[in-house]
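Peer 1: So I've got this file, query_8.txt, and it contains compact mmCIF, C-alpha atoms and all ligand atoms:
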# COMPACT_ATOMS: atom_id res chain seq x y z
CA MET A 1467 37.60 221.12 100.25
CA GLU A 1468 35.07 221.71 97.45
CA THR A 1469 32.89 224.78 97.74
CA ALA A 1470 29.26 225.33 96.73
CA ALA A 1471 28.29 227.67 93.87
CA PRO A 1472 29.24 231.32 94.60
CA SER A 1473 25.62 232.44 95.08
CA ALA A 1474 24.90 229.61 97.51
CA VAL A 1475 24.71 230.52 101.16
CA ILE A 1476 26.00 228.08 103.76
CA VAL A 1477 24.59 228.41 107.25
CA ALA A 1478 26.03 226.48 110.21
CA ILE A 1479 23.77 226.11 113.26
CA ASP A 1480 25.39 224.55 116.32
CA GLY A 1481 24.45 224.14 119.96
CA PRO A 1482 23.49 221.58 122.60
CA SER A 1483 20.28 219.55 122.49
CA GLY A 1484 16.97 221.15 123.39
CA THR A 1485 17.85 224.61 122.08
CA GLY A 1486 15.44 224.33 119.15
CA LYS A 1487 18.22 223.67 116.64
CA SER A 1488 16.38 221.18 114.43
CA SER A 1489 13.05 223.01 114.32
CA THR A 1490 14.81 226.31 113.66
CA SER A 1491 17.17 224.92 111.01
CA LYS A 1492 14.38 223.17 109.09
CA ALA A 1493 12.10 226.19 109.15
CA VAL A 1494 14.85 228.62 108.12
CA ALA A 1495 15.87 226.36 105.23
CA ALA A 1496 12.25 225.96 104.09
CA LYS A 1497 11.58 229.72 104.23
CA LEU A 1498 14.71 230.63 102.32
CA GLY A 1499 14.65 227.81 99.75
CA LEU A 1500 17.80 226.16 101.11
CA ARG A 1501 18.60 222.49 101.62
CA TYR A 1502 18.82 221.13 105.18
CA LEU A 1503 21.18 218.66 106.81
CA ASP A 1504 20.70 217.15 110.29
CA THR A 1505 24.19 215.91 111.21
CA GLY A 1506 23.00 214.50 114.54
CA ALA A 1507 20.82 212.09 112.55
CA GLN A 1508 23.95 210.83 110.77
CA TYR A 1509 25.72 210.12 114.08
CA ARG A 1510 22.54 208.46 115.34
CA ALA A 1511 22.35 206.37 112.16
CA ILE A 1512 25.89 205.03 112.51
CA THR A 1513 25.18 204.33 116.21
CA TRP A 1514 22.02 202.42 115.28
CA TRP A 1515 23.99 200.39 112.74
CA MET A 1516 26.64 199.54 115.40
CA ILE A 1517 23.94 198.37 117.84
CA THR A 1518 22.05 196.27 115.29
CA ASN A 1519 25.28 194.70 114.06
CA GLY A 1520 26.41 193.67 117.53
CA ILE A 1521 29.35 196.09 117.80
CA ASP A 1522 30.22 196.92 121.41
CA THR A 1523 29.60 200.67 121.64
CA ASP A 1524 31.93 200.85 124.65
CA ASP A 1525 34.83 199.65 122.50
CA PRO A 1526 36.30 202.54 120.46
CA HIS A 1527 38.59 200.19 118.55
CA ALA A 1528 35.70 197.96 117.41
CA ILE A 1529 33.75 201.07 116.40
CA ALA A 1530 36.73 202.46 114.46
CA VAL A 1531 37.19 199.19 112.56
CA ALA A 1532 33.50 199.02 111.59
CA ALA A 1533 32.99 202.74 110.93
CA GLY A 1534 33.32 202.56 107.14
CA LYS A 1535 30.84 199.71 106.70
CA PRO A 1536 27.38 201.33 106.87
CA GLY A 1537 26.19 203.32 103.87
CA ILE A 1538 24.50 206.44 105.23
CA VAL A 1539 22.43 208.62 102.92
CA SER A 1540 20.76 211.87 104.00
CA GLY A 1541 17.89 213.46 102.07
CA THR A 1542 18.12 217.26 102.39
CA ASP A 1543 14.58 218.49 101.64
CA PRO A 1544 13.69 220.57 104.75
CA ALA A 1545 10.02 219.63 104.32
CA ALA A 1546 10.81 215.91 104.46
CA PRO A 1547 14.39 215.13 105.52
CA THR A 1548 15.30 211.45 105.27
CA ILE A 1549 18.05 209.18 106.54
CA THR A 1550 18.78 205.67 105.32
CA VAL A 1551 21.39 203.12 106.34
CA ASP A 1552 22.25 200.54 103.69
CA GLY A 1553 19.02 201.49 101.94
CA LEU A 1554 16.82 201.06 105.02
CA ASP A 1555 14.76 203.93 106.42
CA ALA A 1556 16.37 204.73 109.79
CA SER A 1557 14.35 207.81 110.71
CA VAL A 1558 12.35 206.11 113.48
CA PRO A 1559 14.90 203.74 115.09
CA ILE A 1560 17.57 206.45 115.40
CA ARG A 1561 15.34 208.30 117.91
CA THR A 1562 15.10 205.51 120.50
CA GLN A 1563 16.41 205.94 124.03
CA GLU A 1564 19.00 203.24 123.37
CA VAL A 1565 20.53 205.13 120.45
CA THR A 1566 20.35 208.44 122.35
CA SER A 1567 22.24 206.94 125.29
CA LYS A 1568 25.01 205.52 123.06
CA VAL A 1569 25.45 208.17 120.37
CA SER A 1570 27.94 210.29 122.34
CA ALA A 1571 30.34 207.36 122.74
CA VAL A 1572 30.13 206.40 119.07
CA SER A 1573 30.43 209.97 117.80
CA ALA A 1574 33.54 210.57 119.94
CA VAL A 1575 35.55 208.01 117.93
CA PRO A 1576 37.87 209.95 115.56
CA GLU A 1577 37.44 207.50 112.64
CA VAL A 1578 33.66 207.97 112.83
CA ARG A 1579 34.06 211.75 112.85
CA THR A 1580 36.44 211.74 109.88
CA LEU A 1581 34.04 209.70 107.74
CA ILE A 1582 30.91 211.60 108.71
CA THR A 1583 32.66 214.96 108.33
CA GLU A 1584 33.69 214.07 104.76
CA LEU A 1585 30.12 213.06 103.99
CA GLN A 1586 28.80 216.34 105.42
CA ARG A 1587 31.26 218.43 103.41
CA SER A 1588 30.36 216.70 100.17
CA ILE A 1589 26.62 217.19 100.82
CA ALA A 1590 27.17 220.90 101.58
CA ALA A 1591 29.36 221.36 98.50
CA SER A 1592 26.75 219.89 96.17
CA ALA A 1593 23.74 221.70 97.68
CA GLU A 1594 22.55 223.99 94.92
CA GLY A 1595 21.40 227.35 96.24
CA GLY A 1596 22.85 226.69 99.68
CA ILE A 1597 22.15 224.72 102.81
CA VAL A 1598 21.50 224.96 106.53
CA VAL A 1599 23.65 222.42 108.39
CA GLU A 1600 22.91 221.78 112.05
CA GLY A 1601 25.08 220.01 114.58
CA ARG A 1602 27.75 220.49 117.22
CA ASP A 1603 30.97 221.17 115.29
CA ILE A 1604 29.74 222.59 112.00
CA GLY A 1605 31.07 226.13 112.46
CA THR A 1606 34.31 225.01 114.10
CA THR A 1607 35.33 221.94 112.10
CA VAL A 1608 33.03 220.77 109.30
CA LEU A 1609 32.41 224.07 107.51
CA PRO A 1610 34.76 226.66 109.02
CA ASP A 1611 34.17 228.90 105.97
CA ALA A 1612 30.37 228.92 106.35
CA ASP A 1613 28.81 232.27 105.38
CA LEU A 1614 26.93 232.48 108.67
CA LYS A 1615 27.46 230.65 111.94
CA ILE A 1616 24.81 230.57 114.65
CA PHE A 1617 25.28 229.09 118.12
CA LEU A 1618 21.99 228.43 119.90
CA THR A 1619 21.90 228.19 123.70
CA ALA A 1620 19.17 227.91 126.37
CA SER A 1621 19.05 227.25 130.10
CA PRO A 1622 19.22 223.56 131.12
CA GLU A 1623 15.65 223.87 132.50
CA ALA A 1624 14.26 225.19 129.23
CA ARG A 1625 16.13 222.55 127.23
CA ALA A 1626 14.90 219.70 129.44
CA ALA A 1627 11.31 220.96 129.23
CA ARG A 1628 11.49 221.06 125.42
CA ARG A 1629 13.03 217.60 125.19
CA SER A 1630 10.37 216.18 127.51
CA GLY A 1631 7.71 217.72 125.29
CA GLU A 1632 9.23 216.09 122.20
CA LEU A 1633 9.37 212.70 123.91
CA ARG A 1634 5.82 212.84 125.29
CA GLY A 1635 3.83 209.82 124.24
CA LYS A 1636 6.91 208.04 122.90
CA GLU A 1637 9.11 207.32 125.92
CA ALA A 1638 9.32 208.12 129.63
CA THR A 1639 9.04 211.88 130.15
CA ASP A 1640 10.26 212.42 133.69
CA LEU A 1641 11.60 215.98 133.62
CA ALA A 1642 14.40 215.51 136.16
CA ALA A 1643 15.65 212.36 134.41
CA THR A 1644 15.50 214.10 131.02
CA LYS A 1645 17.50 217.03 132.39
CA ASP A 1646 20.13 214.71 133.90
CA ALA A 1647 20.48 212.71 130.67
CA LEU A 1648 20.73 215.88 128.61
CA ILE A 1649 23.40 217.45 130.85
CA LYS A 1650 25.37 214.20 130.77
CA ARG A 1651 25.23 214.00 126.95
CA ASP A 1652 26.22 217.65 126.56
CA ALA A 1653 29.17 217.14 128.92
CA ALA A 1654 30.31 214.14 126.86
CA ASP A 1655 29.84 216.02 123.56
CA SER A 1656 31.66 219.13 124.87
CA GLY A 1657 34.43 217.20 126.59
CA ARG A 1658 35.51 214.83 123.82
CA LYS A 1659 38.94 215.33 122.24
CA THR A 1660 37.94 215.37 118.56
CA SER A 1661 35.84 218.34 117.41
CA PRO A 1662 33.77 218.85 120.57
CA LEU A 1663 30.56 220.85 120.82
CA ALA A 1664 31.87 224.42 120.78
CA LYS A 1665 30.97 227.92 119.66
CA ALA A 1666 33.11 229.16 116.77
CA GLY A 1667 34.83 232.48 117.48
CA ASP A 1668 32.88 234.14 114.65
CA ALA A 1669 29.47 232.60 115.49
CA VAL A 1670 26.47 234.68 116.50
CA GLU A 1671 25.13 233.40 119.83
CA VAL A 1672 21.34 233.34 120.24
CA ASP A 1673 19.97 232.52 123.71
CA THR A 1674 16.57 230.95 123.05
CA THR A 1675 15.49 230.54 126.70
CA GLU A 1676 12.95 233.36 126.61
CA LEU A 1677 12.13 233.19 122.90
CA THR A 1678 9.36 231.34 121.08
CA LEU A 1679 10.33 229.12 118.17
CA ASP A 1680 8.89 231.67 115.74
CA GLN A 1681 11.04 234.40 117.26
CA VAL A 1682 14.19 232.29 116.91
CA ILE A 1683 13.32 231.45 113.30
CA GLU A 1684 12.70 235.12 112.50
CA CYS A 1685 15.99 236.11 114.11
CA VAL A 1686 17.99 233.57 112.09
CA VAL A 1687 16.15 234.36 108.82
CA THR A 1688 17.01 238.04 109.30
CA LEU A 1689 20.67 237.20 109.92
CA VAL A 1690 20.81 235.08 106.73
CA GLU A 1691 19.08 237.77 104.68
CA GLU A 1692 21.49 240.41 105.97
CA LYS A 1693 24.41 238.19 105.07
CA ARG A 1694 23.02 237.57 101.56
CA ALA A 1695 22.38 241.30 101.03
CA GLY A 1696 25.92 242.12 102.12
CA ARG A 1697 27.34 239.75 99.50
CA GLN A 1698 25.46 241.23 96.54
O1 LIG B 1 21.37 216.62 117.51
P1 LIG B 1 21.21 215.23 118.11
O2 LIG B 1 20.78 215.24 119.54
O3 LIG B 1 20.33 214.36 117.27
O4 LIG B 1 22.68 214.60 118.06
C1 LIG B 1 22.95 213.32 118.52
C2 LIG B 1 24.39 213.20 118.95
O5 LIG B 1 25.25 213.25 117.82
C3 LIG B 1 24.92 214.25 119.92
O6 LIG B 1 24.74 213.85 121.26
C4 LIG B 1 26.37 214.35 119.57
C5 LIG B 1 26.47 213.86 118.16
N1 LIG B 1 26.75 214.91 117.20
C6 LIG B 1 28.06 215.26 117.01
O7 LIG B 1 28.93 214.73 117.69
N2 LIG B 1 28.39 216.18 116.07
C7 LIG B 1 27.45 216.76 115.33
N3 LIG B 1 27.81 217.64 114.38
C8 LIG B 1 26.08 216.43 115.53
C9 LIG B 1 25.77 215.51 116.49
Give the structure from the file, written as structure tokens.
Peer 2:
Amino acid sequence: METAAPSAVIVAIDGPSGTGKSSTSKAVAAKLGLRYLDTGAQYRAITWWMITNGIDTDDPHAIAVAAGKPGIVSGTDPAAPTITVDGLDASVPIRTQEVTSKVSAVSAVPEVRTLITELQRSIAASAEGGIVVEGRDIGTTVLPDADLKIFLTASPEARAARRSGELRGKEATDLAATKDALIKRDAADSGRKTSPLAKAGDAVEVDTTELTLDQVIECVVTLVEEKRAGRQ
């Protein structure tokens, strides 16, 4: 595996949905002048491509055969992260309910994970100055040598409330349904065979249930700064 420049700091932020992972990761990267990679967006992008190209997302073999076809490109500016598939902006369609309901099945296919993991490692290796990478298996599988690993958690109630807030105005926001869907997706992501959602042994766990977003950001910024100071 290639490694980034010696002064570059690599931060892995994992955890289930609704823990504030994306907002925290983006803000930490922006504050510290790091790049930012949303790996969930990449799995959503490949899922969107499968749907729009008529691949049966319940057929792991069909997914595996097609996995190498879409060209996924992630822009890593934390102020304006982008995602394109075969040159098309996919940032809006990857957030639909249809993609959300199918992404766990697509991302559980080992061939998909191998390809996306390689892409993630090459992006991290070429990120000058360092990068914050958020996902489910970053600390355990994608970047096991990351300088700092954070695992964000929150109660299912808090996570469902946050997700409902994000969806407001876009899709149905029934809290109970959101909580059920979220628990189901986390169970699928945690239970899959290949690189499931898991806390790395050397990750720092931050329970965000009772914290504001600003408090979580401050906590992670402090941890990164401590890590950087310790390396000088
Ligand atoms: O973070 P998100 O909700 O946008 O992620 C969408 C899905 O992608 C999630 O349900 C599981 C999958 N995923 C994954 O398997 N591994 C990652 N590193 C990131 C996301």
Peer 1: If I take CA of Pro1544 in chain A and CA of Thr1619 in chain A, how far is one from the other in Å, to one decimal?
Peer 2: 22.0 Å
Peer 1: Counting only C-alpha atoms and all ligand atoms, name the residues that have an atom within 6 Å of an atom of ligand LIG 1 (chain B); the answer should be given as a list in words.
Peer 2: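 Answer in the requested format: Ser1483, Thr1505, Gly1506, Ala1507, Tyr1509, Arg1510, Val1569, Ser1570, Ser1573, Gly1601, Arg1602, Asp1603, Ile1604, Arg1651 and Asp1655 of chain A.
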Peer 1: Using only C-alpha atoms for the distances, tell me which of A:Glu1676, A:Gly1596, A:Gln1508, A:Gly1541 is nearest to Ser1621 in chain A.
Peer 2: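 So, comparing all the options, the nearest one is A:Glu1676.
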Peer 1: What is the distance between CA of Ser1588 in chain A and CA of Pro1662 in chain A, in Å to one decimal?
Peer 2: 20.8 Å
Peer 1: Would you work out the distance separating CA of Ile1597 in chain A from CA of Leu1503 in chain A, expressed in Å to one decimal?
Peer 2: 7.3 Å
Peer 1: Taking a cut-off of 12 Å and counting all atoms listed in the file, can you build a table that, for each residue of range 1483-1602 of chain A near range 1639-1647 of chain A, reports the nearest atom pair and how far apart they are in Å (one decimal), sorted by chain then residue number, as a Markdown table?
Peer 2:
| residue | atom | partner | partner_atom | distance |
| --- | --- | --- | --- | --- |
| A:Ser1483 | CA | A:Lys1645 | CA | 10.6 |
| A:Gly1484 | CA | A:Lys1645 | CA | 9.9 |
| A:Gln1563 | CA | A:Ala1647 | CA | 10.3 |
| A:Thr1566 | CA | A:Ala1647 | CA | 9.4 |
| A:Ser1567 | CA | A:Ala1647 | CA | 8.1 |
| A:Lys1568 | CA | A:Ala1647 | CA | 11.4 |
| A:Ser1570 | CA | A:Ala1647 | CA | 11.4 |
Peer 1: Applying 12 Å and all atoms listed in the file, which residues near His1527 in chain A remain after dropping the ones on its own chain fewer than 6 positions away? List them as a list of chain:residue names.
Peer 2: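 So, after excluding close chain neighbours, the residues are A:Ile1521, A:Ala1533, A:Ala1571, A:Val1572, A:Ala1574, A:Val1575, A:Pro1576, A:Glu1577, A:Val1578.
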Peer 1: Using only C-alpha atoms, which of A:Ala1669, A:Arg1625, A:Trp1514, A:Thr1580 sits nearest Leu1554 in chain A?
Peer 2: A:Trp1514
Peer 1: From the options A:Thr1523, A:Ser1661, A:Ser1491, A:Thr1513, which residue's atoms come nearest to Leu1609 in chain A, counting only C-alpha atoms?
Peer 2: A:Ser1661
Peer 1: Looking at A:Ala1532, A:Ala1626, A:Val1565, A:Ile1549, which one is nearest to Leu1581 in chain A, with distances taken over only C-alpha atoms?
Peer 2: A:Ala1532
Peer 1: Give the answer as one residue: which of A:Thr1485, A:Glu1584, A:Val1682, A:Thr1606 has the shortest atom-to-atom distance to Ala1624 in chain A, using only C-alpha atoms?
Peer 2: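 Among the listed residues, the smallest separation from Ala1624 in chain A belongs to A:Thr1485.
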Peer 1: Would you please work out which residue, of A:Ala1653, A:Leu1663, A:Leu1618, A:Ala1627, is nearest to Gly1486 in chain A when using only C-alpha atoms?
Peer 2: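 For Gly1486 in chain A, the nearest of the candidates is A:Leu1618.
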Peer 1: Residues near Asp1552 in chain A, anyone? I mean within 9 Å using only C-alpha atoms, not counting same-chain ones fewer than 2 positions away, as a PyMOL selection string.
Peer 2: chain A and resi 1536-1539+1550+1554-1555
Peer 1: Extract, using only C-alpha atoms, all DNA, RNA and protein residues at most 9 Å from Asp1504 in chain A, discarding same-chain residues fewer than 5 positions from it, and format them as a list of chain:residue names.
Peer 2: A:Ser1488, A:Ser1491, A:Lys1492, A:Ser1540, A:Thr1542, A:Pro1547, A:Val1598, A:Val1599, A:Glu1600, A:Gly1601
Peer 1: Where atoms are absent from range 1483-1494 of chain A, fill them in so it carries all heavy atoms, then output it as a PDB file, in the frame of the given file.
Peer 2:
ATOM      1  N   SER A1483      21.646 220.009 122.770  1.00  0.00           N
ATOM      2  CA  SER A1483      20.280 219.550 122.490  1.00  0.00           C
ATOM      3  C   SER A1483      19.248 220.343 123.280  1.00  0.00           C
ATOM      4  O   SER A1483      19.533 220.832 124.371  1.00  0.00           O
ATOM      5  CB  SER A1483      20.153 218.059 122.789  1.00  0.00           C
ATOM      6  OG  SER A1483      20.803 217.764 123.985  1.00  0.00           O
ATOM      7  N   GLY A1484      18.061 220.463 122.696  1.00  0.00           N
ATOM      8  CA  GLY A1484      16.970 221.150 123.390  1.00  0.00           C
ATOM      9  C   GLY A1484      16.979 222.662 123.204  1.00  0.00           C
ATOM     10  O   GLY A1484      16.217 223.371 123.850  1.00  0.00           O
ATOM     11  N   THR A1485      17.818 223.168 122.303  1.00  0.00           N
ATOM     12  CA  THR A1485      17.850 224.610 122.080  1.00  0.00           C
ATOM     13  C   THR A1485      16.946 225.019 120.923  1.00  0.00           C
ATOM     14  O   THR A1485      16.850 226.195 120.596  1.00  0.00           O
ATOM     15  CB  THR A1485      19.292 225.087 121.762  1.00  0.00           C
ATOM     16  OG1 THR A1485      19.822 224.259 120.729  1.00  0.00           O
ATOM     17  CG2 THR A1485      20.175 224.998 122.989  1.00  0.00           C
ATOM     18  N   GLY A1486      16.314 224.031 120.282  1.00  0.00           N
ATOM     19  CA  GLY A1486      15.440 224.330 119.150  1.00  0.00           C
ATOM     20  C   GLY A1486      16.184 224.302 117.826  1.00  0.00           C
ATOM     21  O   GLY A1486      15.692 224.803 116.814  1.00  0.00           O
ATOM     22  N   LYS A1487      17.351 223.690 117.834  1.00  0.00           N
ATOM     23  CA  LYS A1487      18.220 223.670 116.640  1.00  0.00           C
ATOM     24  C   LYS A1487      17.540 223.049 115.419  1.00  0.00           C
ATOM     25  O   LYS A1487      17.553 223.635 114.343  1.00  0.00           O
ATOM     26  CB  LYS A1487      19.443 222.815 116.976  1.00  0.00           C
ATOM     27  CG  LYS A1487      20.744 223.481 116.716  1.00  0.00           C
ATOM     28  CD  LYS A1487      21.941 222.676 117.176  1.00  0.00           C
ATOM     29  CE  LYS A1487      21.653 221.399 117.754  1.00  0.00           C
ATOM     30  NZ  LYS A1487      22.033 220.310 118.166  1.00  0.00           N
ATOM     31  N   SER A1488      16.958 221.866 115.591  1.00  0.00           N
ATOM     32  CA  SER A1488      16.380 221.180 114.430  1.00  0.00           C
ATOM     33  C   SER A1488      15.175 221.926 113.888  1.00  0.00           C
ATOM     34  O   SER A1488      15.074 222.157 112.676  1.00  0.00           O
ATOM     35  CB  SER A1488      15.947 219.755 114.795  1.00  0.00           C
ATOM     36  OG  SER A1488      17.074 218.986 115.085  1.00  0.00           O
ATOM     37  N   SER A1489      14.255 222.307 114.786  1.00  0.00           N
ATOM     38  CA  SER A1489      13.050 223.010 114.320  1.00  0.00           C
ATOM     39  C   SER A1489      13.435 224.315 113.640  1.00  0.00           C
ATOM     40  O   SER A1489      12.893 224.666 112.587  1.00  0.00           O
ATOM     41  CB  SER A1489      12.124 223.314 115.503  1.00  0.00           C
ATOM     42  OG  SER A1489      11.891 222.144 116.228  1.00  0.00           O
ATOM     43  N   THR A1490      14.381 225.033 114.229  1.00  0.00           N
ATOM     44  CA  THR A1490      14.810 226.310 113.660  1.00  0.00           C
ATOM     45  C   THR A1490      15.476 226.082 112.302  1.00  0.00           C
ATOM     46  O   THR A1490      15.146 226.752 111.313  1.00  0.00           O
ATOM     47  CB  THR A1490      15.816 227.002 114.604  1.00  0.00           C
ATOM     48  OG1 THR A1490      15.200 227.187 115.871  1.00  0.00           O
ATOM     49  CG2 THR A1490      16.269 228.340 114.047  1.00  0.00           C
ATOM     50  N   SER A1491      16.396 225.137 112.250  1.00  0.00           N
ATOM     51  CA  SER A1491      17.170 224.920 111.010  1.00  0.00           C
ATOM     52  C   SER A1491      16.254 224.530 109.857  1.00  0.00           C
ATOM     53  O   SER A1491      16.378 225.036 108.742  1.00  0.00           O
ATOM     54  CB  SER A1491      18.216 223.825 111.228  1.00  0.00           C
ATOM     55  OG  SER A1491      19.067 224.175 112.284  1.00  0.00           O
ATOM     56  N   LYS A1492      15.314 223.611 110.134  1.00  0.00           N
ATOM     57  CA  LYS A1492      14.380 223.170 109.090  1.00  0.00           C
ATOM     58  C   LYS A1492      13.525 224.325 108.595  1.00  0.00           C
ATOM     59  O   LYS A1492      13.347 224.511 107.395  1.00  0.00           O
ATOM     60  CB  LYS A1492      13.450 222.087 109.665  1.00  0.00           C
ATOM     61  CG  LYS A1492      13.833 220.691 109.265  1.00  0.00           C
ATOM     62  CD  LYS A1492      12.816 219.685 109.731  1.00  0.00           C
ATOM     63  CE  LYS A1492      13.055 219.330 111.178  1.00  0.00           C
ATOM     64  NZ  LYS A1492      12.301 218.216 111.692  1.00  0.00           N
ATOM     65  N   ALA A1493      12.994 225.091 109.536  1.00  0.00           N
ATOM     66  CA  ALA A1493      12.100 226.190 109.150  1.00  0.00           C
ATOM     67  C   ALA A1493      12.845 227.278 108.385  1.00  0.00           C
ATOM     68  O   ALA A1493      12.326 227.810 107.394  1.00  0.00           O
ATOM     69  CB  ALA A1493      11.440 226.777 110.402  1.00  0.00           C
ATOM     70  N   VAL A1494      14.062 227.589 108.816  1.00  0.00           N
ATOM     71  CA  VAL A1494      14.850 228.620 108.120  1.00  0.00           C
ATOM     72  C   VAL A1494      15.151 228.152 106.698  1.00  0.00           C
ATOM     73  O   VAL A1494      14.999 228.906 105.729  1.00  0.00           O
ATOM     74  CB  VAL A1494      16.154 228.930 108.903  1.00  0.00           C
ATOM     75  CG1 VAL A1494      17.107 229.776 108.067  1.00  0.00           C
ATOM     76  CG2 VAL A1494      15.835 229.618 110.229  1.00  0.00           C
TER      77      VAL A1494
END
